[in-house]
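entry-v1.txt (compact mmCIF, C-alpha atoms)
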# COMPACT_ATOMS: atom_id res chain seq x y z
CA MET A 1 -19.34 -3.72 -20.01
CA HIS A 2 -16.17 -2.91 -18.09
CA LYS A 3 -13.55 -0.65 -19.47
CA THR A 4 -10.31 -2.21 -20.68
CA LYS A 5 -7.68 -2.50 -17.94
CA ALA A 6 -5.05 0.22 -18.13
CA THR A 7 -1.47 -0.95 -18.40
CA ALA A 8 1.03 0.67 -16.09
CA ASN A 9 4.08 2.39 -17.44
CA ARG A 10 6.82 1.06 -15.21
CA ARG A 11 9.13 3.93 -16.03
CA ALA A 12 6.55 6.68 -15.89
CA THR A 13 7.69 10.24 -15.51
CA ARG A 14 4.25 11.28 -14.39
CA PRO A 15 1.59 9.48 -12.34
CA HIS A 16 -1.28 7.39 -13.59
CA ARG A 17 -4.28 9.54 -14.24
CA PRO A 18 -7.05 8.53 -11.81
CA ILE A 19 -9.98 6.99 -13.65
CA PHE A 20 -12.62 7.90 -11.14
CA ARG A 21 -13.98 11.33 -10.25
CA VAL A 22 -11.83 12.70 -7.45
CA ILE A 23 -13.80 14.72 -4.92
CA GLY A 24 -12.01 17.49 -3.11
CA LEU A 25 -8.54 16.52 -4.39
CA ILE A 26 -5.92 19.14 -3.52
CA ALA A 27 -2.41 19.34 -4.95
CA ALA A 28 -2.48 15.82 -6.39
CA ALA A 29 -0.02 16.73 -9.11
CA SER A 30 2.59 17.78 -6.59
CA LEU A 31 2.29 14.55 -4.64
CA LEU A 32 2.33 12.18 -7.57
CA VAL A 33 5.39 13.50 -9.37
CA THR A 34 7.66 10.58 -10.16
CA GLY A 35 10.26 12.16 -12.40
CA CYS A 36 12.27 13.70 -9.56
CA SER A 37 13.37 12.88 -6.05
CA LEU A 38 11.73 14.48 -3.05
CA LYS A 39 14.65 16.84 -2.76
CA GLU A 40 13.95 18.50 -6.10
CA PRO A 41 11.48 21.39 -6.48
CA VAL A 42 8.10 20.48 -7.91
CA PRO A 43 5.15 22.64 -8.93
CA GLN A 44 2.53 23.36 -6.31
CA SER A 45 -1.08 24.42 -6.53
CA GLY A 46 -3.32 26.35 -4.22
CA GLY A 47 -0.81 29.09 -3.55
CA ALA A 48 1.88 26.86 -2.08
CA ASN A 49 5.53 27.77 -2.42
CA PRO A 50 6.47 26.73 -5.98
CA GLN A 51 9.99 25.88 -4.86
CA ALA A 52 8.96 23.55 -2.05
CA GLY A 53 9.77 19.86 -2.46
CA ALA A 54 7.19 17.10 -2.23
CA GLY A 55 8.15 16.66 1.38
CA ALA A 56 6.48 20.00 2.06
CA ALA A 57 3.59 19.61 -0.34
CA ASN A 58 -0.05 20.04 0.60
CA VAL A 59 -1.76 16.78 1.51
CA PRO A 60 -4.59 15.79 -0.86
CA ALA A 61 -7.98 15.79 0.75
CA ALA A 62 -9.38 12.29 1.14
CA GLU A 63 -12.32 11.39 -1.04
CA GLU A 64 -15.64 11.92 0.65
CA ASN A 65 -18.10 9.08 0.94
CA SER A 66 -20.68 10.65 -1.32
CA VAL A 67 -23.71 8.54 -0.47
CA ALA A 68 -26.03 10.65 -2.60
CA ASP A 69 -23.99 10.01 -5.74
CA ALA A 70 -24.40 6.21 -5.72
CA PRO A 71 -27.38 3.88 -5.33
CA SER A 72 -28.38 2.60 -1.92
CA LEU A 73 -27.30 -0.84 -0.73
CA GLU A 74 -30.59 -1.31 1.10
CA GLY A 75 -31.52 -5.00 0.99
CA LYS A 76 -28.05 -6.05 -0.18
CA THR A 77 -25.63 -8.27 1.72
CA ILE A 78 -21.91 -7.72 1.17
CA GLY A 79 -19.28 -10.23 2.27
CA ILE A 80 -15.85 -8.98 3.33
CA ALA A 81 -12.76 -11.19 3.45
CA ALA A 82 -9.68 -9.41 4.81
CA LYS A 83 -6.34 -11.15 4.98
CA ASP A 84 -5.64 -9.60 8.37
CA ILE A 85 -6.09 -6.65 10.66
CA VAL A 86 -2.55 -6.96 12.00
CA HIS A 87 -1.31 -3.60 10.78
CA ASP A 88 -2.93 -0.18 10.68
CA PHE A 89 -3.58 -0.13 6.93
CA SER A 90 -5.63 -3.33 6.81
CA ARG A 91 -7.39 -2.66 10.12
CA VAL A 92 -8.59 0.81 9.09
CA VAL A 93 -9.71 -0.35 5.63
CA TYR A 94 -11.57 -3.31 7.19
CA GLU A 95 -13.40 -1.16 9.72
CA GLU A 96 -14.15 1.71 7.36
CA LEU A 97 -15.43 -0.59 4.61
CA GLN A 98 -17.98 -2.07 6.98
CA ALA A 99 -19.04 1.39 8.11
CA SER A 100 -19.35 2.64 4.52
CA ILE A 101 -21.49 -0.30 3.42
CA GLU A 102 -23.76 0.05 6.43
CA GLN A 103 -24.00 3.80 5.83
CA ARG A 104 -25.43 2.97 2.42
CA GLY A 105 -27.99 0.66 4.00
CA GLY A 106 -26.27 -2.65 3.30
CA LYS A 107 -25.75 -5.67 5.55
CA VAL A 108 -22.18 -6.89 6.15
CA ILE A 109 -20.75 -10.36 6.70
CA ALA A 110 -17.16 -9.59 7.75
CA THR A 111 -14.26 -12.02 8.12
CA GLN A 112 -10.54 -11.54 8.68
CA ALA A 113 -8.01 -14.34 8.33
CA GLU A 114 -5.50 -13.38 11.02
CA ALA A 115 -2.77 -13.27 8.34
CA LYS A 116 -3.23 -16.98 7.60
CA ASP A 117 -3.48 -17.75 3.89
CA ASP A 118 -5.37 -21.01 4.39
CA LYS A 119 -7.97 -19.27 6.59
CA HIS A 120 -8.29 -16.49 4.00
CA VAL A 121 -9.16 -19.10 1.37
CA THR A 122 -11.65 -20.76 3.73
CA ASP A 123 -13.25 -17.40 4.57
CA VAL A 124 -13.83 -16.64 0.88
CA GLU A 125 -15.24 -20.10 0.21
CA ASN A 126 -17.56 -19.83 3.22
CA LEU A 127 -18.82 -16.47 1.99
CA VAL A 128 -19.66 -18.04 -1.38
CA THR A 129 -21.91 -20.60 0.35
CA GLN A 130 -23.87 -17.73 1.94
CA SER A 131 -24.64 -16.21 -1.50
CA PRO A 132 -24.06 -12.53 -0.71
CA ASP A 133 -24.80 -9.92 -3.37
CA ALA A 134 -21.07 -9.09 -3.62
CA ILE A 135 -17.78 -9.99 -1.96
CA VAL A 136 -14.93 -7.57 -1.20
CA VAL A 137 -11.45 -9.02 -0.61
CA ILE A 138 -8.86 -6.91 1.22
CA LEU A 139 -5.26 -7.87 0.42
CA GLY A 140 -4.21 -11.45 -0.22
CA ASP A 141 -1.66 -13.78 -1.75
CA SER A 142 -2.42 -14.31 -5.42
CA GLN A 143 -1.04 -17.84 -5.59
CA THR A 144 -3.11 -19.23 -2.72
CA LEU A 145 -6.26 -17.14 -3.15
CA SER A 146 -6.91 -17.28 -6.92
CA PRO A 147 -8.71 -20.67 -6.94
CA ALA A 148 -11.11 -19.43 -4.27
CA LEU A 149 -11.76 -16.24 -6.23
CA LYS A 150 -12.57 -18.32 -9.29
CA LYS A 151 -15.26 -19.99 -7.19
CA VAL A 152 -16.69 -16.55 -6.45
CA ASP A 153 -16.78 -15.82 -10.17
CA ASP A 154 -18.24 -19.22 -11.04
CA ALA A 155 -21.03 -18.61 -8.50
CA GLY A 156 -21.95 -15.39 -10.28
CA ILE A 157 -21.12 -13.22 -7.27
CA PRO A 158 -19.50 -9.88 -8.19
CA LEU A 159 -16.01 -9.69 -6.68
CA PHE A 160 -14.35 -6.45 -5.59
CA THR A 161 -10.86 -6.08 -4.19
CA ILE A 162 -8.80 -3.57 -2.23
CA ASP A 163 -5.05 -3.51 -2.85
CA PHE A 164 -5.32 -6.89 -4.57
CA GLN A 165 -5.39 -7.32 -8.33
CA SER A 166 -7.34 -10.31 -9.64
CA GLU A 167 -8.62 -11.29 -13.06
CA TYR A 168 -11.97 -12.01 -11.41
CA SER A 169 -12.34 -8.61 -9.75
CA LYS A 170 -14.89 -6.13 -11.08
CA ASN A 171 -12.93 -3.30 -9.45
CA ASN A 172 -9.73 -2.98 -7.44
CA VAL A 173 -9.22 0.10 -5.25
CA THR A 174 -5.58 0.82 -4.61
CA SER A 175 -2.87 3.41 -4.38
CA ASP A 176 -0.62 3.67 -7.41
CA ASN A 177 2.03 1.19 -6.31
CA TRP A 178 4.22 1.90 -9.34
CA VAL A 179 4.46 5.50 -8.17
CA ILE A 180 4.98 4.44 -4.57
CA GLY A 181 7.67 1.92 -5.48
CA SER A 182 9.63 4.17 -7.80
CA THR A 183 9.51 7.17 -5.47
CA LEU A 184 10.51 5.05 -2.49
CA ALA A 185 13.45 3.61 -4.44
CA ARG A 186 14.61 6.92 -5.92
CA THR A 187 14.42 8.67 -2.57
CA LEU A 188 16.56 5.97 -0.98
CA ALA A 189 19.04 6.08 -3.86
CA GLU A 190 19.40 9.85 -3.76
CA ASP A 191 19.66 9.96 0.04
CA ILE A 192 22.66 7.60 0.04
CA GLY A 193 24.36 9.49 -2.77
CA GLY A 194 23.70 6.98 -5.54
CA LYS A 195 26.10 4.35 -4.21
CA GLY A 196 26.30 1.92 -1.35
CA LYS A 197 24.83 -1.33 -0.06
CA ILE A 198 21.27 -1.93 1.10
CA LEU A 199 19.36 -4.66 2.88
CA ALA A 200 15.92 -5.51 1.51
CA PHE A 201 13.05 -7.32 3.22
CA ASN A 202 11.41 -9.34 0.46
CA GLY A 203 9.15 -12.02 1.90
CA PHE A 204 5.87 -11.51 0.02
CA PRO A 205 6.31 -11.87 -3.77
CA GLY A 206 2.71 -13.13 -4.06
CA VAL A 207 1.26 -9.95 -2.53
CA ALA A 208 0.72 -7.57 -5.45
CA PRO A 209 1.64 -4.25 -3.77
CA CYS A 210 4.88 -5.73 -2.42
CA ARG A 211 5.68 -7.37 -5.75
CA ILE A 212 5.17 -4.09 -7.61
CA ARG A 213 7.15 -2.01 -5.12
CA TYR A 214 10.04 -4.47 -5.17
CA SER A 215 10.07 -4.64 -8.96
CA GLU A 216 10.19 -0.84 -9.07
CA LEU A 217 13.16 -0.93 -6.69
CA LYS A 218 14.99 -3.20 -9.12
CA VAL A 219 14.07 -1.03 -12.11
CA VAL A 220 15.21 2.18 -10.41
CA LEU A 221 18.50 0.63 -9.31
CA GLU A 222 19.32 -0.14 -12.93
CA ASP A 223 20.09 3.59 -13.14
CA TYR A 224 22.11 3.49 -9.92
CA PRO A 225 24.77 0.84 -10.67
CA GLY A 226 26.71 1.90 -7.60
CA ILE A 227 23.98 0.53 -5.30
CA GLU A 228 23.99 -3.16 -4.39
CA ILE A 229 21.25 -5.19 -2.70
CA LEU A 230 23.03 -7.46 -0.23
CA GLU A 231 22.40 -11.19 -0.44
CA PRO A 232 20.66 -13.11 0.93
CA GLU A 233 17.66 -10.82 1.06
CA LEU A 234 15.81 -10.68 4.38
CA GLN A 235 12.53 -12.57 4.73
CA ASP A 236 9.80 -10.68 6.57
CA LYS A 237 6.72 -12.44 7.90
CA TYR A 238 3.29 -11.48 9.23
CA GLU A 239 3.36 -13.04 12.68
CA GLY A 240 5.79 -11.56 15.21
CA THR A 241 7.07 -9.23 12.52
CA ILE A 242 8.67 -6.54 14.65
CA GLU A 243 10.63 -8.85 16.93
CA ASP A 244 11.65 -11.11 14.05
CA ALA A 245 12.87 -8.16 11.97
CA LYS A 246 14.71 -6.70 14.96
CA LYS A 247 16.57 -9.96 15.46
CA GLN A 248 17.42 -10.24 11.75
CA ILE A 249 18.86 -6.72 11.72
CA GLN A 250 20.79 -7.31 14.94
CA ASP A 251 22.35 -10.35 13.25
CA GLN A 252 23.20 -8.20 10.20
CA LEU A 253 24.76 -5.48 12.34
CA ARG A 254 27.09 -8.06 13.89
CA ARG A 255 28.00 -9.29 10.41
CA LEU A 256 28.27 -5.89 8.72
CA PRO A 257 30.49 -3.30 10.43
CA GLU A 258 29.98 0.43 10.01
CA GLY A 259 30.25 1.46 6.38
CA GLU A 260 29.13 -1.93 5.02
CA VAL A 261 25.39 -1.14 4.82
CA ASP A 262 23.79 2.20 4.03
CA ALA A 263 20.02 1.61 4.04
CA VAL A 264 17.23 -0.87 4.69
CA TRP A 265 14.23 -1.16 2.33
CA SER A 266 10.85 -2.78 2.93
CA CYS A 267 7.53 -2.81 1.06
CA TRP A 268 5.74 -2.10 4.37
CA ASP A 269 6.54 -0.40 7.66
CA ILE A 270 6.12 -3.11 10.28
CA PRO A 271 9.48 -4.89 9.79
CA LEU A 272 11.26 -1.55 9.70
CA ILE A 273 9.91 -0.67 13.15
CA GLY A 274 11.89 -3.64 14.46
CA ALA A 275 14.83 -2.71 12.25
CA ALA A 276 14.82 0.82 13.64
CA GLN A 277 14.80 -0.49 17.19
CA ALA A 278 17.92 -2.51 16.45
CA ILE A 279 19.73 0.22 14.51
CA ASP A 280 18.86 3.10 16.83
CA SER A 281 19.84 1.20 19.97
CA ALA A 282 23.16 0.27 18.34
CA GLY A 283 23.86 3.92 17.49
CA ARG A 284 24.29 3.09 13.79
CA ASP A 285 23.40 6.48 12.37
CA ASP A 286 25.09 5.45 9.11
CA ILE A 287 22.01 3.39 8.15
CA LYS A 288 18.72 4.85 6.86
CA LEU A 289 15.32 3.12 6.67
CA TYR A 290 12.61 3.39 3.99
CA GLY A 291 9.13 1.80 4.07
CA VAL A 292 5.45 2.18 3.17
CA ASP A 293 2.07 2.46 4.95
CA ALA A 294 2.58 5.25 7.52
CA GLU A 295 2.05 2.93 10.47
CA PRO A 296 1.74 4.98 13.69
CA GLY A 297 4.90 3.38 15.09
CA ALA A 298 6.81 4.25 11.93
CA LEU A 299 5.55 7.84 12.00
CA ASP A 300 6.68 8.16 15.61
CA LEU A 301 10.18 7.08 14.58
CA ILE A 302 10.28 9.38 11.54
CA ALA A 303 9.27 12.26 13.81
CA ASP A 304 12.22 11.42 16.09
CA PRO A 305 15.30 13.32 14.82
CA GLY A 306 17.52 10.68 16.37
CA SER A 307 15.93 7.71 14.60
CA ALA A 308 17.26 6.07 11.45
CA TYR A 309 13.74 5.88 10.01
CA GLN A 310 13.65 8.38 7.13
CA PHE A 311 10.67 7.84 4.84
CA THR A 312 7.27 6.20 4.46
CA VAL A 313 4.17 6.54 2.30
CA ALA A 314 0.69 7.23 3.66
CA GLN A 315 -2.20 5.64 1.81
CA GLN A 316 -5.68 7.11 2.09
CA THR A 317 -7.17 4.13 3.88
CA LYS A 318 -10.56 5.62 4.76
CA ALA A 319 -11.01 6.95 1.25
CA MET A 320 -10.06 3.58 -0.25
CA ALA A 321 -12.74 1.86 1.80
CA ALA A 322 -15.35 4.48 0.90
CA LYS A 323 -14.47 4.24 -2.80
CA SER A 324 -14.84 0.46 -2.75
CA ALA A 325 -18.26 0.69 -1.09
CA GLU A 326 -19.30 3.29 -3.66
CA ASN A 327 -18.18 1.05 -6.53
CA VAL A 328 -20.09 -1.91 -5.08
CA ALA A 329 -23.21 0.25 -4.84
CA LEU A 330 -22.83 1.51 -8.40
CA PHE A 331 -22.30 -1.99 -9.78
CA LEU A 332 -25.25 -3.51 -7.93
CA GLY A 333 -27.35 -0.48 -8.85
CA ASP A 334 -27.09 -1.27 -12.58
CA ARG A 335 -24.43 1.38 -13.18
CA GLN A 336 -21.63 -1.01 -14.15
CA ASP A 337 -20.33 1.40 -16.79
CA ASP A 338 -19.49 3.86 -14.00
CA VAL A 339 -17.17 1.32 -12.34
CA PRO A 340 -13.61 1.20 -13.70
CA ASN A 341 -11.42 -1.87 -13.42
CA THR A 342 -9.07 0.04 -11.12
CA SER A 343 -9.62 3.06 -8.90
CA TYR A 344 -6.38 4.80 -7.90
CA LEU A 345 -6.03 7.08 -4.90
CA PRO A 346 -2.97 9.33 -4.60
CA PRO A 347 -0.37 8.41 -1.98
CA VAL A 348 1.24 10.91 0.38
CA PHE A 349 5.01 10.82 0.81
CA VAL A 350 6.26 11.35 4.35
CA ASP A 351 9.73 12.20 5.60
CA LYS A 352 11.21 13.97 8.61
CA SER A 353 10.46 17.39 7.15
CA ASN A 354 6.68 16.93 6.83
CA VAL A 355 5.71 14.08 9.15
CA ASN A 356 3.93 16.28 11.69
CA GLN A 357 2.07 18.20 8.97
CA VAL A 358 0.90 14.97 7.30
CA ARG A 359 -0.23 13.48 10.60
CA SER A 360 -2.25 16.58 11.32
CA GLU A 361 -3.84 16.88 7.88
CA LEU A 362 -4.61 13.17 7.43
CA GLY A 363 -5.48 12.54 11.06
CA ILE A 364 -3.01 9.66 11.43
Take the structure in the file and give it back as structure tokens.
Amino acid sequence: MHKTKATANRRATRPHRPIFRVIGLIAAASLLVTGCSLKEPVPQSGGANPQAGAGAANVPAAEENSVADAPSLEGKTIGIAAKDIVHDFSRVVYEELQASIEQRGGKVIATQAEAKDDKHVTDVENLVTQSPDAIVVILGDSQTLSPALKKVDDAGIPLFTIDFQSEYSKNNVTSDNWVIGSTLARTLAEDIGGKGKILAFNGFPGVAPCRIRYSELKVVLEDYPGIEILEPELQDKYEGTIEDAKKQIQDQLRRLPEGEVDAVWSCWDIPLIGAAQAIDSAGRDDIKLYGVDAEPGALDLIADPGSAYQFTVAQQTKAMAAKSAENVALFLGDRQDDVPNTSYLPPVFVDKSNVNQVRSELGI
């Protein structure tokens, strides 16, 4: 039987302890510290400078796809339903998951919904009719997708998810979004001196990682009463994200003169690429930007000393895909007790001080 789901401590002062065996993990403790901002010294391992902040920490090695440690998927067919391959995170996970399953000898039926919720539902339902041995869902909106996932469960097909929590999932592979959200929020708060006004993109409350990261922003700001989220909040969207976000920020810059907004927050990088284009071209160096996902375009901006983009979080996309394939193989190989409800991989925090190092060490 599956292990009981772990509950997340929303105000944790240390990270969730991974519940799978981490292979080749280096300096995880230094990267997952949540009780201090990036500007504070944190312990290092492996001979690193003990006074270096997390921005200069060693990058954890990605998990290896240890084929020998899990049963083969020979003769098994695995369905994949991705919400989209619009941004780098979902595209890499989608491609690497297929490669990992095939490396284990499995056959793949892969679909991606082009960021359309109704197509995502249809893709899952179509996979059910093909009776694969397991289905893996990558991202999704919980409100629209849950009925389709119940159909997966009712059909007796094991469901696995990546960055999408579902009551029907045998295993969800994800980064620790409570850690990501709280660190993102505290870094922003400290960088603007604990007071000021921020704009927040908040268009995806049904997407679990965004919901968690936003809720952590609200929790953290309870301890920073001098920081105000400006209303109305900005609504990001999947299609035409960069141009839409750029226009929204241009409108805000006309409405808010210098000194009236200090930072822009988003649960993912893509809208902030458009925001940075608007802010940088306007010469508004009084505004700082904070996002998640380490999109290549965002990393380029963070590496630019003249850009307002300050901070993002890299997730170990290839390792997440490999871990999901491994969990599918274990489950279908009658090793269900070796599959936890949730597999966490450590995130990597990226700012202007370490962006080039992280890109080199993670290959992004």
As a CSV table (one decimal) with C-alpha atoms, in the frame of the given file, please: the residues near segment 190-198 of chain A (cut-off 7 Å, all atoms listed in the file, same-chain neighbours under 4 positions excluded).
chain,number,residue,atom,x,y,z
A,186,ARG,CA,14.6,6.9,-5.9
A,224,TYR,CA,22.1,3.5,-9.9
A,226,GLY,CA,26.7,1.9,-7.6
A,227,ILE,CA,24.0,0.5,-5.3
A,228,GLU,CA,24.0,-3.2,-4.4
A,229,ILE,CA,21.2,-5.2,-2.7
A,230,LEU,CA,23.0,-7.5,-0.2
A,260,GLU,CA,29.1,-1.9,5.0
A,261,VAL,CA,25.4,-1.1,4.8
A,262,ASP,CA,23.8,2.2,4.0
A,263,ALA,CA,20.0,1.6,4.0
A,264,VAL,CA,17.2,-0.9,4.7
Checklist entry - If you count all atoms listed in the file, which residues fall within 12 Å of Ala99 of chain A, apart from same-chain ones fewer than 6 positions away, as a PyMOL selection string? => result chain A and resi 65+78+80+92-93+105-110+318-319+321-322+324-326
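If you look at atom CA of Gln250 of chain A and atom CA of Ile302 of chain A, they are 20.0 Å away from each other.
Of the residues under consideration (A:Phe311, A:Tyr214, A:Phe331, A:Tyr290), A:Tyr290 shows the shortest atom-to-atom contact distance to Ala275 of chain A when counting only C-alpha atoms.
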Item to check | Long-range neighbours of Pro296 of chain A as a list in words, 12 Å cut-off, all atoms listed in the file, 6 positions minimum in chain | outcome: His87, Asp88, Phe89, Asp269, Ile270, Ile273, Ile302, Ala303, Thr312, Val313, Ala314, Val355, Asn356, Val358, Arg359, Gly363 and Ile364 of chain A
Selection to disk with C-alpha atoms, as a compact mmCIF listing (two decimals), keeping the file's coordinate frame:
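Printed below is selection05.txt as written:
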# COMPACT_ATOMS: atom_id res chain seq x y z
CA HIS A 87 -1.31 -3.60 10.78
CA ASP A 88 -2.93 -0.18 10.68
CA PHE A 89 -3.58 -0.13 6.93
CA ASP A 269 6.54 -0.40 7.66
CA ILE A 270 6.12 -3.11 10.28
CA ILE A 273 9.91 -0.67 13.15
CA ILE A 302 10.28 9.38 11.54
CA ALA A 303 9.27 12.26 13.81
CA THR A 312 7.27 6.20 4.46
CA VAL A 313 4.17 6.54 2.30
CA ALA A 314 0.69 7.23 3.66
CA VAL A 355 5.71 14.08 9.15
CA ASN A 356 3.93 16.28 11.69
CA VAL A 358 0.90 14.97 7.30
CA ARG A 359 -0.23 13.48 10.60
CA GLY A 363 -5.48 12.54 11.06
CA ILE A 364 -3.01 9.66 11.43
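What separates atom CA of Gly306 of chain A from atom CA of Leu362 of chain A is a distance of 24.0 Å.
The two atoms in question, atom CA of Gln252 of chain A and atom CA of Ala208 of chain A, are spaced 27.4 Å apart.
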Within 12 Å of (-30.9, -5.5, -0.1) (file coordinates; all atoms listed in the file), which protein or nucleic acid residues are there? I'd like them as a short mmCIF file (atom, residue, chain, number, x, y, z; two decimals) with C-alpha atoms, in the coordinates of the input.
data_model
loop_
_atom_site.label_atom_id
_atom_site.label_comp_id
_atom_site.auth_asym_id
_atom_site.auth_seq_id
_atom_site.Cartn_x
_atom_site.Cartn_y
_atom_site.Cartn_z
CA PRO A 71 -27.38 3.88 -5.33
CA SER A 72 -28.38 2.60 -1.92
CA LEU A 73 -27.30 -0.84 -0.73
CA GLU A 74 -30.59 -1.31 1.10
CA GLY A 75 -31.52 -5.00 0.99
CA LYS A 76 -28.05 -6.05 -0.18
CA THR A 77 -25.63 -8.27 1.72
CA ILE A 78 -21.91 -7.72 1.17
CA ILE A 101 -21.49 -0.30 3.42
CA GLU A 102 -23.76 0.05 6.43
CA ARG A 104 -25.43 2.97 2.42
CA GLY A 105 -27.99 0.66 4.00
CA GLY A 106 -26.27 -2.65 3.30
CA LYS A 107 -25.75 -5.67 5.55
CA VAL A 108 -22.18 -6.89 6.15
CA PRO A 132 -24.06 -12.53 -0.71
CA ASP A 133 -24.80 -9.92 -3.37
CA ALA A 134 -21.07 -9.09 -3.62
CA ALA A 329 -23.21 0.25 -4.84
CA LEU A 332 -25.25 -3.51 -7.93
CA GLY A 333 -27.35 -0.48 -8.85
#
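Taking only C-alpha atoms into account, Asn171 of chain A lies nearest to A:Thr342 out of the set A:Ser360, A:Ser100, A:Asn354, A:Thr342.
Nearest-residue note for Glu95 of chain A: choosing from A:Ile287, A:Gln112, A:Asp304, A:Asp69, the minimum distance belongs to A:Gln112, counting only C-alpha atoms.
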Residues near Phe204 of chain A, anyone? I mean within 9 Å using all atoms listed in the file, not counting same-chain ones fewer than 4 positions away, as a tab-separated table (two decimals) with C-alpha atoms, keeping the file's coordinate frame.
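See selection23.tsv below for the written result:
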chain	number	residue	atom	x	y	z
A	141	ASP	CA	-1.66	-13.78	-1.75
A	208	ALA	CA	0.72	-7.57	-5.45
A	210	CYS	CA	4.88	-5.73	-2.42
A	211	ARG	CA	5.68	-7.37	-5.75
A	235	GLN	CA	12.53	-12.57	4.73
A	236	ASP	CA	9.80	-10.68	6.57
A	237	LYS	CA	6.72	-12.44	7.90
A	267	CYS	CA	7.53	-2.81	1.06
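Nearest to Gln277 of chain A of all the residues A:Asp300, A:Gln130, A:Glu96, A:Lys246 is A:Lys246, counting only C-alpha atoms.
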Checklist entry - Which residues, written as a PyMOL selection string, have at least one atom at most 12 Å from Pro147 of chain A, with all atoms listed in the file counted and residues fewer than 5 positions away on the same chain left out? => result chain A and resi 118+120-122+124-125+141-142+152-154+166-168
